[in-house]
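Q: File follows, upload21.cif with mmCIF, C-alpha atoms:
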data_upload
loop_
_atom_site.label_atom_id
_atom_site.label_comp_id
_atom_site.auth_asym_id
_atom_site.auth_seq_id
_atom_site.Cartn_x
_atom_site.Cartn_y
_atom_site.Cartn_z
CA MET A 1 23.81 83.48 80.10
CA LYS A 2 21.48 86.52 80.33
CA LEU A 3 24.36 88.56 81.72
CA LEU A 4 26.48 87.61 78.74
CA THR A 5 23.68 88.61 76.32
CA VAL A 6 23.28 92.02 77.95
CA TRP A 7 27.06 92.55 77.85
CA LEU A 8 27.23 91.69 74.14
CA THR A 9 24.27 94.00 73.42
CA LEU A 10 25.70 97.01 75.22
CA LEU A 11 29.31 96.46 74.19
CA PRO A 12 29.10 98.04 70.67
CA ARG A 13 27.35 101.15 72.11
CA TRP A 14 29.98 101.56 74.85
CA MET A 15 32.75 100.94 72.37
CA ASN A 16 31.42 103.61 70.02
CA GLN A 17 31.21 106.25 72.75
CA GLY A 18 34.20 104.91 74.64
CA CYS A 19 36.47 104.92 71.62
CA ARG A 20 35.86 108.63 70.98
CA THR A 21 36.46 109.39 74.65
CA ALA A 22 39.50 107.12 74.74
CA VAL A 23 40.99 108.74 71.63
CA LYS A 24 40.48 112.18 73.13
CA LEU A 25 42.04 111.15 76.44
CA TRP A 26 44.91 109.41 74.63
CA ASP A 27 45.67 112.56 72.60
CA GLU A 28 45.72 114.69 75.74
CA HIS A 29 47.86 112.09 77.52
CA MET A 30 50.38 111.97 74.67
CA LYS A 31 50.58 115.78 74.60
CA ARG A 32 51.43 115.76 78.29
CA ILE A 33 54.05 113.05 77.71
CA GLU A 34 55.59 115.05 74.85
CA ILE A 35 55.73 118.21 76.97
CA LYS A 36 57.34 116.26 79.80
CA ALA A 37 59.83 114.55 77.46
CA THR A 38 60.80 117.92 75.95
CA SER A 39 61.35 119.30 79.43
CA LEU A 40 63.46 116.30 80.40
CA ARG A 41 65.59 116.58 77.26
CA SER A 42 66.13 120.25 78.01
CA ASN A 43 67.13 119.44 81.58
CA ASP A 44 69.43 116.67 80.40
CA LYS A 45 71.18 119.09 78.06
CA ASP A 46 71.51 121.66 80.82
CA ASN A 47 72.80 119.03 83.26
CA SER A 48 75.18 117.69 80.64
CA LYS A 49 76.53 121.18 79.97
CA LYS A 50 76.82 121.79 83.71
CA GLN A 51 78.55 118.43 84.23
CA LYS A 52 80.96 119.12 81.39
CA SER A 53 81.71 122.57 82.77
CA ASP A 54 82.40 121.05 86.20
CA GLU A 55 84.82 118.48 84.80
CA VAL A 56 88.56 119.07 85.07
CA ASP A 57 90.45 118.98 81.78
CA ALA A 58 93.03 116.27 82.48
CA SER A 59 95.29 117.49 79.69
CA THR A 60 95.87 120.79 81.53
CA LEU A 61 97.07 119.17 84.76
CA SER A 62 100.77 119.29 85.53
CA GLU A 63 102.62 118.08 88.61
CA ILE A 64 106.27 118.69 89.47
CA ASP A 65 108.32 115.82 90.91
CA ASN A 66 111.59 116.17 88.94
CA VAL A 67 111.13 112.79 87.21
CA LEU A 68 110.36 113.27 83.50
CA PHE A 69 110.01 110.75 80.67
CA SER A 70 111.36 111.89 77.32
CA ASP A 71 108.66 110.25 75.17
CA ASN A 72 105.96 112.66 76.34
CA ASN A 73 107.98 115.03 78.54
CA LEU A 74 105.52 114.42 81.39
CA SER A 75 106.43 113.93 85.03
CA VAL A 76 105.40 110.80 86.93
CA GLY A 77 102.98 112.83 89.05
CA THR A 78 101.37 114.30 85.94
CA ILE A 79 100.90 110.89 84.33
CA ILE A 80 99.16 109.29 87.32
CA LYS A 81 97.07 112.42 88.06
CA ARG A 82 95.82 112.79 84.48
CA LYS A 83 94.79 109.14 84.30
CA ALA A 84 92.97 109.47 87.63
CA VAL A 85 91.05 112.53 86.45
CA GLU A 86 90.13 110.79 83.18
CA LEU A 87 88.68 107.85 85.09
CA PHE A 88 86.82 110.23 87.40
CA ASN A 89 85.36 112.31 84.54
CA ASP A 90 84.33 109.27 82.50
CA GLY A 91 82.89 107.39 85.47
CA THR A 92 84.56 104.22 84.20
CA ALA A 93 86.33 103.26 87.44
CA CYS A 94 83.74 100.56 88.08
CA ASN A 95 86.10 97.81 89.26
CA SER A 96 88.52 97.66 92.16
CA ARG A 97 91.64 97.92 89.97
CA ASP A 98 90.56 101.07 88.13
CA TYR A 99 89.17 102.59 91.32
CA LYS A 100 92.53 102.12 93.02
CA ILE A 101 94.35 103.76 90.09
CA MET A 102 91.89 106.67 90.30
CA THR A 103 92.10 107.21 94.08
CA ASN A 104 95.88 106.79 94.17
CA GLY A 105 96.32 109.25 91.35
CA LEU A 106 93.94 111.83 92.80
CA SER A 107 95.95 111.63 96.03
CA SER A 108 99.25 111.93 94.09
CA ILE A 109 100.33 108.45 95.25
CA LEU A 110 102.60 106.20 93.16
CA ASP A 111 102.19 102.62 94.40
CA ILE A 112 105.26 100.61 93.36
CA CYS A 113 104.35 97.77 95.76
CA ASP A 114 101.50 96.66 93.50
CA ILE A 115 103.32 95.06 90.58
CA THR A 116 100.26 93.53 88.87
CA GLU A 117 99.80 94.39 85.21
CA SER A 118 96.49 96.18 85.93
CA SER A 119 97.97 98.49 88.57
CA GLN A 120 99.60 101.89 87.99
CA LYS A 121 102.29 99.88 86.27
CA SER A 122 100.00 99.84 83.22
CA LEU A 123 100.51 103.61 82.84
CA PHE A 124 104.22 103.21 82.08
CA LYS A 125 106.45 101.26 79.73
CA ASN A 126 108.30 98.30 81.22
CA GLY A 127 111.64 100.10 81.23
CA GLU A 128 110.13 103.19 82.84
CA TRP A 129 108.45 101.14 85.57
CA GLU A 130 111.64 99.20 86.32
CA PHE A 131 113.53 102.47 86.64
CA LEU A 132 110.94 103.90 89.06
CA VAL A 133 110.95 100.78 91.24
CA LYS A 134 114.74 100.69 91.34
CA MET A 135 115.10 104.40 92.10
CA TYR A 136 112.49 104.64 94.86
CA THR A 137 113.30 101.35 96.59
CA LYS A 138 116.91 102.51 96.83
CA LYS A 139 115.96 106.01 97.93
CA TYR A 140 113.53 104.77 100.60
CA ASP A 141 115.22 101.53 101.57
CA ILE A 142 113.55 99.46 104.30
CA THR A 143 115.96 96.96 105.76
CA LEU A 144 114.25 93.83 107.00
CA ILE A 145 115.43 92.45 110.34
CA PRO A 146 116.45 88.79 109.95
CA VAL A 147 114.83 86.20 112.17
CA TYR A 148 117.04 85.13 115.07
CA ASP A 149 118.78 81.77 114.55
CA LEU A 150 117.48 80.66 117.95
CA ILE A 151 113.88 81.21 116.84
CA LEU A 152 114.41 79.35 113.56
CA SER A 153 115.95 76.33 115.29
CA THR A 154 113.27 76.37 118.00
CA TRP A 155 110.46 76.45 115.45
CA LYS A 156 112.01 73.53 113.56
CA ILE A 157 112.09 71.47 116.76
CA VAL A 158 108.48 72.41 117.57
CA THR A 159 107.15 71.51 114.12
CA TYR A 160 109.14 68.26 114.04
CA THR A 161 107.77 67.30 117.44
CA ILE A 162 104.19 68.00 116.41
CA LYS A 163 104.54 66.03 113.17
CA ASN A 164 105.86 63.01 115.00
CA THR A 165 103.42 63.09 117.91
CA ARG A 166 100.49 64.55 115.95
CA ASP A 167 99.75 66.56 119.07
CA ILE A 168 100.20 70.33 119.35
CA SER A 169 100.42 70.05 123.13
CA PHE A 170 103.92 68.56 122.85
CA GLY A 171 105.07 71.57 120.82
CA LEU A 172 103.67 73.93 123.47
CA LYS A 173 105.29 71.87 126.20
CA TYR A 174 108.71 72.33 124.59
CA LEU A 175 108.20 76.10 124.40
CA TYR A 176 107.21 76.29 128.06
CA GLN A 177 110.36 74.39 129.01
CA ILE A 178 112.64 76.99 127.40
CA PHE A 179 110.59 80.06 128.41
CA PRO A 180 112.37 80.66 131.77
CA LYS A 181 115.78 80.69 130.09
CA HIS A 182 114.79 83.48 127.67
CA LEU A 183 112.36 85.40 129.86
CA LYS A 184 114.49 88.56 129.90
CA THR A 185 116.09 88.25 126.48
CA GLN A 186 115.22 89.86 123.15
CA HIS A 187 114.04 86.46 121.91
CA PHE A 188 111.16 86.10 124.34
CA PHE A 189 108.55 88.03 122.33
CA CYS A 190 109.31 85.79 119.32
CA LEU A 191 108.74 82.70 121.45
CA LYS A 192 105.42 84.17 122.60
CA LEU A 193 104.45 84.64 118.96
CA CYS A 194 105.22 80.96 118.36
CA GLU A 195 103.01 80.06 121.31
CA HIS A 196 100.18 82.20 119.95
CA MET A 197 100.34 80.49 116.55
CA LEU A 198 100.15 77.05 118.13
CA ASN A 199 97.22 78.11 120.32
CA LEU A 200 95.39 79.37 117.24
CA ILE A 201 95.78 76.01 115.50
CA GLN A 202 94.72 74.12 118.60
CA MET A 203 91.86 76.30 119.86
CA HIS A 204 90.54 78.08 116.74
CA PRO A 205 91.22 75.81 113.76
CA THR A 206 88.03 76.85 111.94
CA MET A 207 89.25 80.44 111.77
CA LEU A 208 92.21 79.30 109.69
CA ILE A 209 90.06 77.56 107.08
CA LYS A 210 89.05 79.70 104.12
CA VAL A 211 85.34 79.54 103.35
CA ASP A 212 83.11 81.65 101.14
CA PRO A 213 81.30 83.57 102.51
CA PRO A 214 83.54 84.06 105.56
CA ALA A 215 82.31 82.39 108.74
CA PHE A 216 83.78 85.09 110.99
CA SER A 217 83.76 88.87 110.99
CA GLU A 218 86.78 91.13 110.60
CA ASN A 219 86.39 92.08 114.26
CA ASP A 220 86.63 88.39 115.20
CA TYR A 221 89.91 88.03 113.31
CA LEU A 222 91.28 91.20 114.90
CA ARG A 223 90.32 90.06 118.38
CA VAL A 224 91.42 86.41 118.15
CA VAL A 225 94.15 86.25 115.50
CA TRP A 226 95.88 89.60 115.07
CA SER A 227 95.60 91.35 118.41
CA ASN A 228 98.30 89.26 120.11
CA PHE A 229 100.62 89.60 117.13
CA PHE A 230 100.41 93.39 117.32
CA GLU A 231 100.84 93.49 121.10
CA TYR A 232 103.99 91.34 120.98
CA LEU A 233 105.46 93.13 117.97
CA PHE A 234 104.69 96.61 119.30
CA PRO A 235 104.69 96.41 123.10
CA ALA A 236 103.36 99.44 124.98
CA SER A 237 106.16 101.97 125.42
CA GLY A 238 104.30 104.93 126.83
CA ASN A 239 104.45 106.98 123.62
CA ILE A 240 103.21 104.40 121.12
CA LYS A 241 99.87 102.63 121.54
CA ILE A 242 97.78 100.33 119.37
CA LYS A 243 94.25 101.65 118.78
CA THR A 244 91.35 100.00 116.97
CA HIS A 245 89.23 103.15 116.62
CA ASN A 246 89.57 106.86 116.01
CA ASN A 247 90.98 108.84 118.88
CA ARG A 248 92.82 112.03 119.75
CA ASP A 249 96.25 110.44 119.54
CA ILE A 250 98.54 111.19 116.61
CA ASP A 251 98.49 108.35 114.10
CA ILE A 252 101.85 107.09 112.86
CA CYS A 253 100.69 103.92 111.09
CA ALA A 254 97.49 102.45 109.62
CA GLY A 255 96.35 98.86 109.18
CA GLU A 256 93.49 96.89 107.65
CA ILE A 257 92.04 93.60 108.86
CA ALA A 258 90.24 91.42 106.30
CA SER A 259 88.00 88.41 106.85
CA HIS A 260 88.96 86.98 103.44
CA ASP A 261 91.65 87.47 100.83
CA GLY A 262 89.50 87.91 97.75
CA ASP A 263 91.08 89.92 94.93
CA ASN A 264 88.67 92.86 95.11
CA LYS A 265 88.85 93.01 98.90
CA THR A 266 92.65 92.99 98.86
CA ILE A 267 92.87 95.72 96.21
CA ASP A 268 90.26 97.89 97.97
CA ASP A 269 92.07 97.60 101.31
CA GLU A 270 95.45 98.38 99.73
CA GLY A 271 93.96 101.51 98.20
CA LYS A 272 92.54 102.55 101.58
CA LEU A 273 95.89 101.97 103.27
CA ASN A 274 97.65 104.13 100.69
CA ARG A 275 95.29 107.03 101.30
CA GLU A 276 95.30 106.60 105.08
CA SER A 277 99.11 106.50 105.13
CA LYS A 278 99.30 109.70 103.09
CA ASP A 279 96.82 111.38 105.47
CA ILE A 280 99.03 110.37 108.40
CA MET A 281 102.14 111.71 106.69
CA ASP A 282 100.41 114.98 105.79
CA ASN A 283 99.26 115.37 109.39
CA LEU A 284 102.73 114.66 110.81
CA ILE A 285 104.24 117.26 108.50
CA SER A 286 101.60 119.81 109.43
CA ILE A 287 102.21 119.52 113.18
CA ILE A 288 106.01 119.85 112.96
CA PRO A 289 107.03 123.50 113.49
CA ARG A 290 108.34 125.02 110.27
CA ASN A 291 111.32 126.48 112.11
CA LYS A 292 112.27 123.14 113.66
CA SER A 293 115.28 122.61 111.41
CA ASN A 294 116.41 126.20 111.93
CA PHE A 295 116.13 125.74 115.69
CA ILE A 296 118.26 122.60 115.55
CA ALA A 297 120.73 124.30 113.23
CA ARG A 298 121.16 127.26 115.58
CA LYS A 299 121.52 124.96 118.58
CA LYS A 300 124.15 122.80 116.89
CA LYS A 301 125.96 125.77 115.43
CA GLN A 302 127.16 126.72 118.89
CA ASP A 303 129.25 123.55 119.06
CA LEU A 304 130.51 123.66 115.49
CA ASN A 305 134.07 123.62 114.30
CA PRO A 306 135.27 127.25 113.96
CA THR A 307 135.37 126.68 110.18
CA TYR A 308 131.57 126.94 110.05
CA LYS A 309 131.02 129.52 112.81
CA ASP A 310 130.34 132.40 110.41
CA CYS A 311 128.57 130.37 107.70
CA VAL A 312 124.92 130.92 106.82
CA PHE A 313 122.80 127.78 106.88
CA ASP A 314 119.63 127.26 104.87
CA GLU A 315 116.39 125.87 106.33
CA ASN A 316 117.59 122.28 105.75
CA GLY A 317 120.86 122.83 107.63
CA TRP A 318 123.16 123.06 104.59
CA THR A 319 125.97 125.56 104.01
CA PHE A 320 128.72 125.89 101.38
CA SER A 321 132.21 126.55 102.72
CA GLY A 322 133.95 127.16 99.38
CA ASP A 323 135.00 123.60 98.43
CA HIS A 324 132.32 121.41 100.01
CA TRP A 325 128.81 121.35 101.47
CA PHE A 326 128.19 120.71 105.15
CA ASN A 327 124.96 119.93 107.05
CA THR A 328 124.85 121.12 110.64
CA ILE A 329 121.88 118.87 111.44
CA THR A 330 123.23 115.57 110.18
CA ASN A 331 126.97 116.44 110.04
CA ASP A 332 127.07 115.20 106.43
CA ARG A 333 129.77 116.47 104.04
CA SER A 334 129.40 116.53 100.26
CA THR A 335 131.50 117.83 97.38
CA SER A 336 128.37 118.15 95.22
CA SER A 337 125.26 120.18 95.89
CA PRO A 338 122.70 118.28 98.03
CA TYR A 339 119.97 119.68 95.80
CA GLU A 340 121.31 118.14 92.63
CA ALA A 341 119.91 114.80 91.49
CA SER A 342 121.97 111.74 92.30
CA ASP A 343 123.48 109.51 89.61
CA ASP A 344 120.57 107.10 89.85
CA GLU A 345 118.06 109.91 89.58
CA GLU A 346 119.92 111.45 86.63
CA GLY A 347 119.39 108.12 84.92
CA VAL A 348 121.29 105.73 82.76
CA ALA A 349 118.82 105.32 79.92
CA SER A 350 117.60 107.65 77.19
CA PHE A 351 113.92 107.45 77.98
CA TYR A 352 113.96 109.70 81.02
CA LYS A 353 115.53 112.92 82.18
CA HIS A 354 115.33 115.39 85.08
CA HIS A 355 114.81 119.12 85.40
#
Can the structure in the file be given as structure tokens, please?
A:
Amino acid sequence: MKLLTVWLTLLPRWMNQGCRTAVKLWDEHMKRIEIKATSLRSNDKDNSKKQKSDEVDASTLSEIDNVLFSDNNLSVGTIIKRKAVELFNDGTACNSRDYKIMTNGLSSILDICDITESSQKSLFKNGEWEFLVKMYTKKYDITLIPVYDLILSTWKIVTYTIKNTRDISFGLKYLYQIFPKHLKTQHFFCLKLCEHMLNLIQMHPTMLIKVDPPAFSENDYLRVVWSNFFEYLFPASGNIKIKTHNNRDIDICAGEIASHDGDNKTIDDEGKLNRESKDIMDNLISIIPRNKSNFIARKKKQDLNPTYKDCVFDENGWTFSGDHWFNTITNDRSTSSPYEASDDEEGVASFYKHH
């Protein structure tokens, strides 16, 4: 109680002196804050000016790919590059979809495999996108190899057996019975793939169940699930090897292993694959001698029909003999120039045109 009385007695005196001191200190503190704030605003303006000066003006970018759209007279490469630079300058590529559009565009990659509405498809009209997909899928056709009838019928028997016996062992037993017959045939690696799938279901069923978060790492899935698939599909041939890390070999293909199939993860991995594939292609082009085609042309020219003996071939192997074009590398003949756009590339609609 005495302590409280002393405190109440001295409090007004301390407050009177303390208030003057506090006001003085507060004024000095606020002056320092104002000086600091002014300095920060000045720095922000300088940084903003510097950032703006470092930005690339997207409207000035122009890429040449010989595919123009009449509405804006811009090439496909220009459209995807300008959008990518806009996203980069604005810093708005905060989700996986926009980030993929940005990285693809900055790498001059048009991804026609991603047909979702929020992909690069969103940069074009429906008719334009359909034209691009049709043109490039025809130009770079990838023919899928059909599954052998023997494998289809074998797999039907295996699955029917397992359903009736409710025991995977009976399916494996059937495969082992027919293995010797096909040991040295082209079907054997497919049968081994069937065996691997059954072993996965029997020995690692939990790895095939989707849970969130994933119960296994990407390395686990590579080691247990995918490794055998790759080894059977791409057996060692001496020149081609499967690697799971960086090495001194020349890459010809890239792959991504995911522990889950979430939307963001899938989009991010697709974007990485696009860029990695382009890096591989750029590297392959860089290591091929520039005079390779000329070397082949000169070598083949020795065995040519006398009609072309005195012709001059360009770096791609083409020559014009007066009424047709001939390629000494591929032995192709053409009545039209090989450097003119094809009918499909010339287009059948009014919304696009070529140089």
Q: With distances taken over only C-alpha atoms, which of A:Pro205, A:Trp155, A:Leu68, A:Asp220 is nearest to A:Lys192?
A: A:Trp155
Q: Ranking A:Phe179, A:Trp325, A:Phe88, A:Phe69 by minimum distance to A:Gly127 and counting all atoms listed in the file, which one comes first?
A: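 Checking each candidate against A:Gly127, we get A:Phe69 as the closest.
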Q: Would you write out, as JSON, numbers by chain, every residue that the PyMOL selection byres ((chain A and resi 196) around 12) captures in this file?
A: {"A": [168, 171, 172, 175, 189, 190, 191, 192, 193, 194, 195, 197, 198, 199, 200, 201, 202, 203, 204, 224, 225, 226, 227, 228, 229, 230, 231, 232]}
Q: Would you mind reading off the distance between atom CA of A:Gly91 and atom CA of A:Ser59, one decimal, in Å?
A: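 A separation of 17.0 Å between them.
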Q: So what do you get for atom CA of A:Ile151 versus atom CA of A:Phe188, distance-wise?
A: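 These atoms are spaced 9.4 Å apart.
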Q: What does the distance from atom CA of A:Asp268 to atom CA of A:Ser96 come to in Å, to one decimal?
A: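 For atom CA of A:Asp268 relative to atom CA of A:Ser96, the distance reads 6.1 Å.
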Q: Which of these residues is nearest to A:Leu273, using only C-alpha atoms: A:Arg223, A:Arg333, A:Lys100, A:Lys138?
A: A:Lys100
Q: Can you give me, as JSON, numbers by chain, the residues this file yields under the PyMOL selection byres ((chain A and resi 105-110) around 6)?
A: {"A": [80, 81, 84, 101, 102, 103, 104, 111]}
Q: Might you pull out every residue within 9 Å of A:Asn219, with all atoms listed in the file counted and same-chain residues fewer than 5 positions away left off, and present them as a VMD selection string?
A: chain A and resid 224 257 to 259
Q: For the structure shown, which residues end up in the PyMOL selection byres ((chain A and resi 270) around 10)? Put them as number ranges by chain, please?
A: A: 100, 111, 113-114, 255-256, 264-269, 271-276
